[in-house]
file work-v5.txt (compact mmCIF, all heavy atoms)
# COMPACT_ATOMS: atom_id res chain seq x y z
N MET Q 1 0.85 -1.16 0.00
CA MET Q 1 0.00 0.00 0.00
C MET Q 1 0.90 1.23 0.00
O MET Q 1 1.84 1.33 0.78
CB MET Q 1 -0.91 -0.03 1.23
CG MET Q 1 -1.77 1.19 1.34
SD MET Q 1 -2.89 1.14 2.76
CE MET Q 1 -4.06 -0.05 2.20
N SER Q 2 0.59 2.18 -0.84
CA SER Q 2 1.37 3.40 -0.91
C SER Q 2 0.87 4.42 0.11
O SER Q 2 -0.23 4.30 0.65
CB SER Q 2 1.29 4.01 -2.31
OG SER Q 2 -0.02 4.49 -2.54
N ALA Q 3 1.68 5.43 0.35
CA ALA Q 3 1.29 6.49 1.29
C ALA Q 3 0.02 7.19 0.81
O ALA Q 3 -0.85 7.53 1.62
CB ALA Q 3 2.43 7.51 1.44
N GLU Q 4 -0.11 7.37 -0.48
CA GLU Q 4 -1.30 8.05 -1.03
C GLU Q 4 -2.58 7.27 -0.80
O GLU Q 4 -3.66 7.81 -0.83
CB GLU Q 4 -1.11 8.32 -2.53
CG GLU Q 4 -0.02 9.30 -2.85
CD GLU Q 4 1.38 8.67 -2.86
OE1 GLU Q 4 1.49 7.43 -2.98
OE2 GLU Q 4 2.34 9.42 -2.70
N GLU Q 5 -2.45 5.96 -0.59
CA GLU Q 5 -3.62 5.11 -0.34
C GLU Q 5 -3.93 4.97 1.15
O GLU Q 5 -4.88 4.30 1.51
CB GLU Q 5 -3.37 3.72 -0.92
CG GLU Q 5 -3.20 3.70 -2.41
CD GLU Q 5 -2.81 2.34 -2.92
OE1 GLU Q 5 -1.77 1.81 -2.47
OE2 GLU Q 5 -3.55 1.81 -3.77
N SER Q 6 -3.12 5.59 1.98
CA SER Q 6 -3.26 5.46 3.43
C SER Q 6 -3.92 6.69 4.02
O SER Q 6 -3.78 7.79 3.50
CB SER Q 6 -1.88 5.27 4.08
OG SER Q 6 -1.25 4.14 3.55
N ILE Q 7 -4.62 6.49 5.13
CA ILE Q 7 -5.28 7.58 5.83
C ILE Q 7 -4.84 7.53 7.29
O ILE Q 7 -4.91 6.49 7.94
CB ILE Q 7 -6.81 7.46 5.77
CG1 ILE Q 7 -7.28 7.50 4.31
CG2 ILE Q 7 -7.47 8.58 6.58
CD1 ILE Q 7 -8.76 7.22 4.14
N PHE Q 8 -4.40 8.67 7.80
CA PHE Q 8 -4.04 8.80 9.20
C PHE Q 8 -5.14 9.56 9.91
O PHE Q 8 -5.65 10.56 9.40
CB PHE Q 8 -2.72 9.56 9.34
CG PHE Q 8 -2.35 9.82 10.77
CD1 PHE Q 8 -1.68 8.86 11.51
CD2 PHE Q 8 -2.72 11.00 11.40
CE1 PHE Q 8 -1.36 9.09 12.84
CE2 PHE Q 8 -2.40 11.24 12.72
CZ PHE Q 8 -1.73 10.28 13.44
N VAL Q 9 -5.51 9.09 11.09
CA VAL Q 9 -6.48 9.79 11.93
C VAL Q 9 -5.78 10.12 13.23
O VAL Q 9 -5.22 9.24 13.88
CB VAL Q 9 -7.73 8.93 12.22
CG1 VAL Q 9 -8.71 9.69 13.09
CG2 VAL Q 9 -8.38 8.49 10.92
N GLY Q 10 -5.78 11.39 13.60
CA GLY Q 10 -5.12 11.78 14.83
C GLY Q 10 -5.71 13.03 15.43
O GLY Q 10 -6.49 13.74 14.80
N ASP Q 11 -5.32 13.29 16.67
CA ASP Q 11 -5.86 14.45 17.36
C ASP Q 11 -4.79 15.45 17.79
O ASP Q 11 -5.08 16.40 18.48
CB ASP Q 11 -6.70 14.03 18.56
CG ASP Q 11 -5.87 13.36 19.65
OD1 ASP Q 11 -4.69 13.07 19.40
OD2 ASP Q 11 -6.42 13.13 20.73
N HIS Q 12 -3.56 15.22 17.36
CA HIS Q 12 -2.51 16.19 17.69
C HIS Q 12 -2.01 16.82 16.39
O HIS Q 12 -1.57 16.11 15.49
CB HIS Q 12 -1.35 15.51 18.42
CG HIS Q 12 -0.41 16.50 19.03
ND1 HIS Q 12 0.56 17.14 18.29
CD2 HIS Q 12 -0.32 16.98 20.29
CE1 HIS Q 12 1.22 17.97 19.08
NE2 HIS Q 12 0.70 17.89 20.29
N PRO Q 13 -2.07 18.15 16.29
CA PRO Q 13 -1.78 18.79 15.02
C PRO Q 13 -0.36 18.60 14.50
O PRO Q 13 -0.16 18.47 13.30
CB PRO Q 13 -2.07 20.27 15.27
CG PRO Q 13 -2.13 20.43 16.74
CD PRO Q 13 -2.48 19.10 17.31
N MET Q 14 0.63 18.55 15.34
CA MET Q 14 2.01 18.42 14.86
C MET Q 14 2.50 16.98 14.93
O MET Q 14 3.06 16.47 13.97
CB MET Q 14 2.95 19.32 15.68
CG MET Q 14 2.67 20.80 15.50
SD MET Q 14 2.67 21.33 13.77
CE MET Q 14 4.37 21.11 13.34
N ASN Q 15 2.33 16.31 16.05
CA ASN Q 15 2.88 14.96 16.24
C ASN Q 15 2.19 13.92 15.37
O ASN Q 15 2.76 12.87 15.10
CB ASN Q 15 2.78 14.52 17.69
CG ASN Q 15 3.67 15.34 18.59
OD1 ASN Q 15 4.61 15.99 18.15
ND2 ASN Q 15 3.36 15.34 19.87
N GLY Q 16 1.01 14.18 14.95
CA GLY Q 16 0.29 13.20 14.15
C GLY Q 16 -0.14 13.73 12.81
O GLY Q 16 0.32 13.27 11.77
N VAL Q 17 -1.00 14.72 12.82
CA VAL Q 17 -1.60 15.20 11.59
C VAL Q 17 -0.55 15.77 10.64
O VAL Q 17 -0.45 15.36 9.48
CB VAL Q 17 -2.72 16.23 11.88
CG1 VAL Q 17 -3.26 16.81 10.60
CG2 VAL Q 17 -3.83 15.58 12.70
N GLN Q 18 0.26 16.70 11.09
CA GLN Q 18 1.25 17.30 10.19
C GLN Q 18 2.31 16.29 9.79
O GLN Q 18 2.76 16.27 8.64
CB GLN Q 18 1.90 18.53 10.82
CG GLN Q 18 2.73 19.33 9.85
CD GLN Q 18 1.95 19.82 8.65
OE1 GLN Q 18 0.88 20.39 8.78
NE2 GLN Q 18 2.46 19.57 7.45
N ALA Q 19 2.72 15.44 10.70
CA ALA Q 19 3.71 14.41 10.37
C ALA Q 19 3.18 13.47 9.28
O ALA Q 19 3.92 13.10 8.36
CB ALA Q 19 4.08 13.62 11.61
N SER Q 20 1.91 13.12 9.35
CA SER Q 20 1.35 12.24 8.33
C SER Q 20 1.28 12.95 6.98
O SER Q 20 1.55 12.34 5.94
CB SER Q 20 -0.03 11.74 8.74
OG SER Q 20 -0.97 12.79 8.77
N ARG Q 21 0.96 14.23 6.98
CA ARG Q 21 0.93 14.99 5.73
C ARG Q 21 2.34 15.06 5.13
O ARG Q 21 2.51 14.92 3.93
CB ARG Q 21 0.40 16.40 5.95
CG ARG Q 21 -1.03 16.47 6.45
CD ARG Q 21 -1.99 15.86 5.50
NE ARG Q 21 -2.26 16.78 4.42
CZ ARG Q 21 -2.94 16.47 3.34
NH1 ARG Q 21 -3.42 15.27 3.20
NH2 ARG Q 21 -3.14 17.33 2.39
N ASN Q 22 3.33 15.27 5.98
CA ASN Q 22 4.71 15.32 5.51
C ASN Q 22 5.14 14.00 4.88
O ASN Q 22 6.00 13.98 3.99
CB ASN Q 22 5.66 15.67 6.65
CG ASN Q 22 5.47 17.08 7.15
OD1 ASN Q 22 4.85 17.91 6.50
ND2 ASN Q 22 6.00 17.37 8.33
N ALA Q 23 4.55 12.89 5.34
CA ALA Q 23 4.87 11.57 4.81
C ALA Q 23 4.04 11.22 3.58
O ALA Q 23 4.22 10.15 2.99
CB ALA Q 23 4.66 10.51 5.89
N GLY Q 24 3.13 12.10 3.19
CA GLY Q 24 2.32 11.88 2.00
C GLY Q 24 1.01 11.16 2.22
O GLY Q 24 0.35 10.77 1.26
N LEU Q 25 0.62 10.96 3.47
CA LEU Q 25 -0.65 10.30 3.77
C LEU Q 25 -1.79 11.30 3.75
O LEU Q 25 -1.59 12.50 3.99
CB LEU Q 25 -0.61 9.66 5.16
CG LEU Q 25 0.10 8.33 5.32
CD1 LEU Q 25 1.59 8.48 5.15
CD2 LEU Q 25 -0.22 7.73 6.66
N GLN Q 26 -2.99 10.81 3.51
CA GLN Q 26 -4.18 11.61 3.73
C GLN Q 26 -4.34 11.75 5.24
O GLN Q 26 -3.99 10.84 5.99
CB GLN Q 26 -5.41 10.94 3.14
CG GLN Q 26 -5.35 10.81 1.64
CD GLN Q 26 -6.60 10.16 1.11
OE1 GLN Q 26 -7.67 10.75 1.14
NE2 GLN Q 26 -6.45 8.94 0.63
N ALA Q 27 -4.86 12.88 5.69
CA ALA Q 27 -4.96 13.11 7.13
C ALA Q 27 -6.37 13.53 7.51
O ALA Q 27 -6.98 14.38 6.87
CB ALA Q 27 -3.98 14.19 7.56
N ILE Q 28 -6.87 12.91 8.57
CA ILE Q 28 -8.14 13.29 9.17
C ILE Q 28 -7.85 13.70 10.60
O ILE Q 28 -7.20 12.97 11.35
CB ILE Q 28 -9.15 12.13 9.16
CG1 ILE Q 28 -9.48 11.75 7.71
CG2 ILE Q 28 -10.41 12.49 9.94
CD1 ILE Q 28 -10.38 10.53 7.58
N GLY Q 29 -8.30 14.88 10.97
CA GLY Q 29 -8.10 15.36 12.33
C GLY Q 29 -9.32 15.11 13.19
O GLY Q 29 -10.45 15.32 12.76
N LYS Q 30 -9.10 14.61 14.38
CA LYS Q 30 -10.18 14.46 15.38
C LYS Q 30 -10.19 15.74 16.18
O LYS Q 30 -9.22 16.10 16.82
CB LYS Q 30 -9.90 13.24 16.27
CG LYS Q 30 -10.74 13.22 17.54
CD LYS Q 30 -11.93 12.35 17.39
CE LYS Q 30 -12.71 12.17 18.68
NZ LYS Q 30 -13.01 13.34 19.47
N ARG Q 31 -11.28 16.47 16.10
CA ARG Q 31 -11.37 17.78 16.72
C ARG Q 31 -11.20 17.70 18.24
O ARG Q 31 -11.76 16.84 18.90
CB ARG Q 31 -12.70 18.45 16.41
CG ARG Q 31 -12.73 19.93 16.75
CD ARG Q 31 -14.07 20.57 16.45
NE ARG Q 31 -14.67 20.20 15.19
CZ ARG Q 31 -14.43 20.81 14.02
NH1 ARG Q 31 -13.57 21.80 13.96
NH2 ARG Q 31 -15.05 20.41 12.93
N ASN Q 32 -10.38 18.58 18.75
CA ASN Q 32 -10.22 18.81 20.18
C ASN Q 32 -9.74 20.25 20.34
O ASN Q 32 -9.76 21.01 19.37
CB ASN Q 32 -9.28 17.79 20.83
CG ASN Q 32 -7.85 17.88 20.34
OD1 ASN Q 32 -7.39 18.94 19.93
ND2 ASN Q 32 -7.15 16.78 20.35
N GLU Q 33 -9.28 20.62 21.50
CA GLU Q 33 -8.87 22.01 21.71
C GLU Q 33 -7.63 22.39 20.89
O GLU Q 33 -7.35 23.56 20.70
CB GLU Q 33 -8.62 22.30 23.19
CG GLU Q 33 -7.51 21.52 23.83
CD GLU Q 33 -7.90 20.12 24.28
OE1 GLU Q 33 -9.09 19.76 24.22
OE2 GLU Q 33 -7.00 19.37 24.69
N GLN Q 34 -6.90 21.42 20.33
CA GLN Q 34 -5.70 21.71 19.54
C GLN Q 34 -5.96 21.74 18.04
O GLN Q 34 -5.17 22.29 17.30
CB GLN Q 34 -4.61 20.67 19.82
CG GLN Q 34 -4.12 20.68 21.24
CD GLN Q 34 -3.11 19.57 21.48
OE1 GLN Q 34 -2.91 18.71 20.65
NE2 GLN Q 34 -2.49 19.61 22.63
N ILE Q 35 -7.03 21.13 17.59
CA ILE Q 35 -7.31 21.08 16.15
C ILE Q 35 -8.01 22.37 15.74
O ILE Q 35 -9.07 22.71 16.23
CB ILE Q 35 -8.22 19.87 15.81
CG1 ILE Q 35 -7.50 18.57 16.10
CG2 ILE Q 35 -8.68 19.93 14.36
CD1 ILE Q 35 -6.36 18.25 15.16
N SER Q 36 -7.39 23.07 14.81
CA SER Q 36 -8.00 24.29 14.28
C SER Q 36 -8.35 24.05 12.82
O SER Q 36 -7.87 23.13 12.18
CB SER Q 36 -7.03 25.46 14.40
OG SER Q 36 -5.93 25.28 13.54
N LEU Q 37 -9.16 24.91 12.28
CA LEU Q 37 -9.58 24.76 10.89
C LEU Q 37 -8.48 25.14 9.92
O LEU Q 37 -8.60 24.93 8.73
CB LEU Q 37 -10.84 25.60 10.64
CG LEU Q 37 -12.06 25.17 11.43
CD1 LEU Q 37 -13.23 26.11 11.14
CD2 LEU Q 37 -12.45 23.74 11.11
N GLN Q 38 -7.36 25.71 10.40
CA GLN Q 38 -6.27 26.10 9.53
C GLN Q 38 -5.35 24.93 9.18
O GLN Q 38 -4.46 25.08 8.38
CB GLN Q 38 -5.42 27.20 10.17
CG GLN Q 38 -6.11 28.55 10.21
CD GLN Q 38 -7.04 28.70 11.42
OE1 GLN Q 38 -6.89 28.00 12.40
NE2 GLN Q 38 -7.97 29.61 11.33
N LEU Q 39 -5.54 23.78 9.79
CA LEU Q 39 -4.69 22.63 9.49
C LEU Q 39 -4.93 22.13 8.07
O LEU Q 39 -6.04 22.18 7.56
CB LEU Q 39 -4.98 21.48 10.46
CG LEU Q 39 -4.43 21.61 11.85
CD1 LEU Q 39 -4.84 20.41 12.68
CD2 LEU Q 39 -2.92 21.71 11.84
N ASP Q 40 -3.88 21.62 7.46
CA ASP Q 40 -3.97 21.03 6.13
C ASP Q 40 -4.40 19.58 6.28
O ASP Q 40 -3.58 18.68 6.40
CB ASP Q 40 -2.60 21.12 5.45
CG ASP Q 40 -2.60 20.47 4.09
OD1 ASP Q 40 -3.67 20.36 3.47
OD2 ASP Q 40 -1.52 20.04 3.66
N VAL Q 41 -5.70 19.36 6.35
CA VAL Q 41 -6.24 18.02 6.52
C VAL Q 41 -7.28 17.74 5.43
O VAL Q 41 -7.79 18.65 4.80
CB VAL Q 41 -6.90 17.82 7.92
CG1 VAL Q 41 -5.87 17.90 9.02
CG2 VAL Q 41 -8.00 18.81 8.16
N ASP Q 42 -7.54 16.47 5.23
CA ASP Q 42 -8.55 16.07 4.26
C ASP Q 42 -9.94 16.04 4.86
O ASP Q 42 -10.93 15.96 4.14
CB ASP Q 42 -8.19 14.69 3.69
CG ASP Q 42 -6.87 14.75 2.93
OD1 ASP Q 42 -6.83 15.43 1.90
OD2 ASP Q 42 -5.89 14.16 3.41
N GLY Q 43 -10.02 16.10 6.18
CA GLY Q 43 -11.30 16.13 6.86
C GLY Q 43 -11.11 16.24 8.35
O GLY Q 43 -10.03 15.96 8.87
N VAL Q 44 -12.15 16.66 9.03
CA VAL Q 44 -12.14 16.78 10.49
C VAL Q 44 -13.39 16.10 11.02
O VAL Q 44 -14.48 16.29 10.47
CB VAL Q 44 -12.11 18.26 10.94
CG1 VAL Q 44 -12.19 18.37 12.46
CG2 VAL Q 44 -10.86 18.96 10.44
N ILE Q 45 -13.21 15.31 12.06
CA ILE Q 45 -14.35 14.66 12.71
C ILE Q 45 -14.44 15.13 14.15
O ILE Q 45 -13.44 15.52 14.76
CB ILE Q 45 -14.26 13.12 12.65
CG1 ILE Q 45 -12.98 12.61 13.33
CG2 ILE Q 45 -14.36 12.63 11.22
CD1 ILE Q 45 -12.91 11.10 13.48
N ASP Q 46 -15.65 15.12 14.68
CA ASP Q 46 -15.88 15.44 16.09
C ASP Q 46 -15.96 14.17 16.93
O ASP Q 46 -15.66 14.18 18.11
CB ASP Q 46 -17.17 16.25 16.27
CG ASP Q 46 -17.03 17.63 15.67
OD1 ASP Q 46 -16.10 18.34 16.04
OD2 ASP Q 46 -17.87 17.98 14.81
N ASP Q 47 -16.39 13.09 16.31
CA ASP Q 47 -16.63 11.83 17.00
C ASP Q 47 -16.13 10.70 16.12
O ASP Q 47 -16.29 10.75 14.90
CB ASP Q 47 -18.14 11.70 17.26
CG ASP Q 47 -18.47 10.47 18.05
OD1 ASP Q 47 -18.70 9.42 17.41
OD2 ASP Q 47 -18.49 10.54 19.28
N CYS Q 48 -15.56 9.69 16.72
CA CYS Q 48 -15.04 8.56 15.94
C CYS Q 48 -16.15 7.86 15.15
O CYS Q 48 -15.87 7.24 14.13
CB CYS Q 48 -14.32 7.58 16.85
SG CYS Q 48 -12.74 8.23 17.45
N GLY Q 49 -17.37 8.00 15.58
CA GLY Q 49 -18.49 7.43 14.85
C GLY Q 49 -18.69 8.07 13.49
O GLY Q 49 -19.32 7.50 12.61
N ASP Q 50 -18.13 9.26 13.28
CA ASP Q 50 -18.23 9.97 12.00
C ASP Q 50 -17.16 9.53 11.00
O ASP Q 50 -17.19 9.93 9.84
CB ASP Q 50 -18.07 11.48 12.21
CG ASP Q 50 -19.11 12.05 13.15
OD1 ASP Q 50 -20.24 11.52 13.19
OD2 ASP Q 50 -18.80 13.04 13.85
N LEU Q 51 -16.22 8.71 11.44
CA LEU Q 51 -15.06 8.39 10.63
C LEU Q 51 -15.40 7.68 9.33
O LEU Q 51 -14.94 8.08 8.26
CB LEU Q 51 -14.08 7.56 11.45
CG LEU Q 51 -12.75 7.23 10.79
CD1 LEU Q 51 -12.00 8.49 10.38
CD2 LEU Q 51 -11.91 6.39 11.73
N TRP Q 52 -16.20 6.62 9.37
CA TRP Q 52 -16.48 5.86 8.15
C TRP Q 52 -17.20 6.70 7.11
O TRP Q 52 -16.92 6.58 5.91
CB TRP Q 52 -17.27 4.60 8.46
CG TRP Q 52 -16.43 3.59 9.17
CD1 TRP Q 52 -16.62 3.11 10.43
CD2 TRP Q 52 -15.24 2.96 8.68
NE1 TRP Q 52 -15.62 2.23 10.76
CE2 TRP Q 52 -14.76 2.12 9.69
CE3 TRP Q 52 -14.53 3.05 7.50
CZ2 TRP Q 52 -13.60 1.36 9.55
CZ3 TRP Q 52 -13.36 2.29 7.36
CH2 TRP Q 52 -12.95 1.46 8.37
N LYS Q 53 -18.11 7.54 7.53
CA LYS Q 53 -18.82 8.40 6.58
C LYS Q 53 -17.83 9.32 5.88
O LYS Q 53 -17.90 9.51 4.66
CB LYS Q 53 -19.89 9.21 7.32
CG LYS Q 53 -20.68 10.10 6.41
CD LYS Q 53 -21.75 10.85 7.19
CE LYS Q 53 -22.51 11.79 6.30
NZ LYS Q 53 -23.50 12.57 7.03
N LEU Q 54 -16.89 9.89 6.63
CA LEU Q 54 -15.91 10.78 6.03
C LEU Q 54 -14.97 10.02 5.10
O LEU Q 54 -14.67 10.48 4.00
CB LEU Q 54 -15.11 11.50 7.12
CG LEU Q 54 -14.01 12.44 6.63
CD1 LEU Q 54 -14.58 13.54 5.74
CD2 LEU Q 54 -13.26 13.04 7.79
N ILE Q 55 -14.50 8.86 5.51
CA ILE Q 55 -13.60 8.06 4.67
C ILE Q 55 -14.27 7.73 3.33
O ILE Q 55 -13.64 7.83 2.28
CB ILE Q 55 -13.13 6.79 5.39
CG1 ILE Q 55 -12.15 7.16 6.50
CG2 ILE Q 55 -12.49 5.81 4.41
CD1 ILE Q 55 -11.75 6.01 7.40
N ARG Q 56 -15.52 7.37 3.35
CA ARG Q 56 -16.24 7.05 2.12
C ARG Q 56 -16.34 8.24 1.20
O ARG Q 56 -16.44 8.09 -0.02
CB ARG Q 56 -17.62 6.50 2.43
CG ARG Q 56 -17.59 5.08 2.90
CD ARG Q 56 -18.99 4.49 3.01
NE ARG Q 56 -19.01 3.65 4.18
CZ ARG Q 56 -19.77 3.81 5.24
NH1 ARG Q 56 -20.67 4.78 5.27
NH2 ARG Q 56 -19.71 3.00 6.27
N SER Q 57 -16.32 9.45 1.76
CA SER Q 57 -16.45 10.65 0.93
C SER Q 57 -15.13 11.11 0.33
O SER Q 57 -15.11 11.97 -0.54
CB SER Q 57 -17.06 11.79 1.75
OG SER Q 57 -16.10 12.31 2.67
N LEU Q 58 -14.00 10.53 0.78
CA LEU Q 58 -12.70 10.96 0.26
C LEU Q 58 -12.47 10.42 -1.11
O LEU Q 58 -12.29 9.67 -1.69
CB LEU Q 58 -11.57 10.56 1.21
CG LEU Q 58 -11.60 11.24 2.56
CD1 LEU Q 58 -10.46 10.72 3.45
CD2 LEU Q 58 -11.43 12.76 2.41

call {"tool": "encode", "arguments": {"input": "work-v5.txt", "output": "structure tokens"}}
result
Amino acid sequence: MSAEESIFVGDHPMNGVQASRNAGLQAIGKRNEQISLQLDVDGVIDDCGDLWKLIRSL
């Protein structure tokens, strides 16, 4: 599987989300007090239950 075919889900903007983008993965941010809308992500979820719906839309 290539990086472009992979999706990372995380809740820390630098240690997870930005690192995954730097590696070429798609990134989904789990909203918390650190996730802002300025992040370069493919989607943001509020609840893990929203994850599959978002993945299907990518």

call {"tool": "residues_around", "arguments": {"input": "work-v5.txt", "residues": "Ala27 in chain Q", "least_positions_apart": "6", "cutoff": "12 Å", "atoms": "only C-alpha atoms", "output": "JSON, numbers by chain"}}
result
{"Q": [3, 4, 5, 6, 7, 8, 9, 10, 11, 12, 13, 14, 16, 17, 18, 19, 20, 21, 39, 40, 41, 42, 43, 44, 45, 51, 54, 55, 58]}

call {"tool": "select_by_dssp", "arguments": {"input": "work-v5.txt", "residues": "chain Q", "states": "helix (DSSP H, G or I)", "output": "list in words"}}
result
Ala3, Glu4, Glu5, Pro13, Met14, Asn15, Gly16, Val17, Gln18, Ala19, Ser20, Arg21, Asn22, Cys48, Gly49, Asp50, Leu51, Trp52, Lys53, Leu54, Ile55, Arg56 and Ser57 of chain Q

call {"tool": "atom_distance", "arguments": {"input": "work-v5.txt", "atom1": "OD1 of Asp46 in chain Q", "atom2": "CB of Ile28 in chain Q"}}
result
11.6 Å

call {"tool": "select_by_dssp", "arguments": {"input": "work-v5.txt", "residues": "chain Q", "states": "strand (DSSP E or B)", "output": "count of residues only"}}
result
12

call {"tool": "atom_distance", "arguments": {"input": "work-v5.txt", "atom1": "ND2 of Asn15 in chain Q", "atom2": "CD of Arg31 in chain Q"}}
result
18.5 Å

call {"tool": "atom_distance", "arguments": {"input": "work-v5.txt", "atom1": "OE1 of Glu33 in chain Q", "atom2": "CA of Asp50 in chain Q"}}
result
18.1 Å
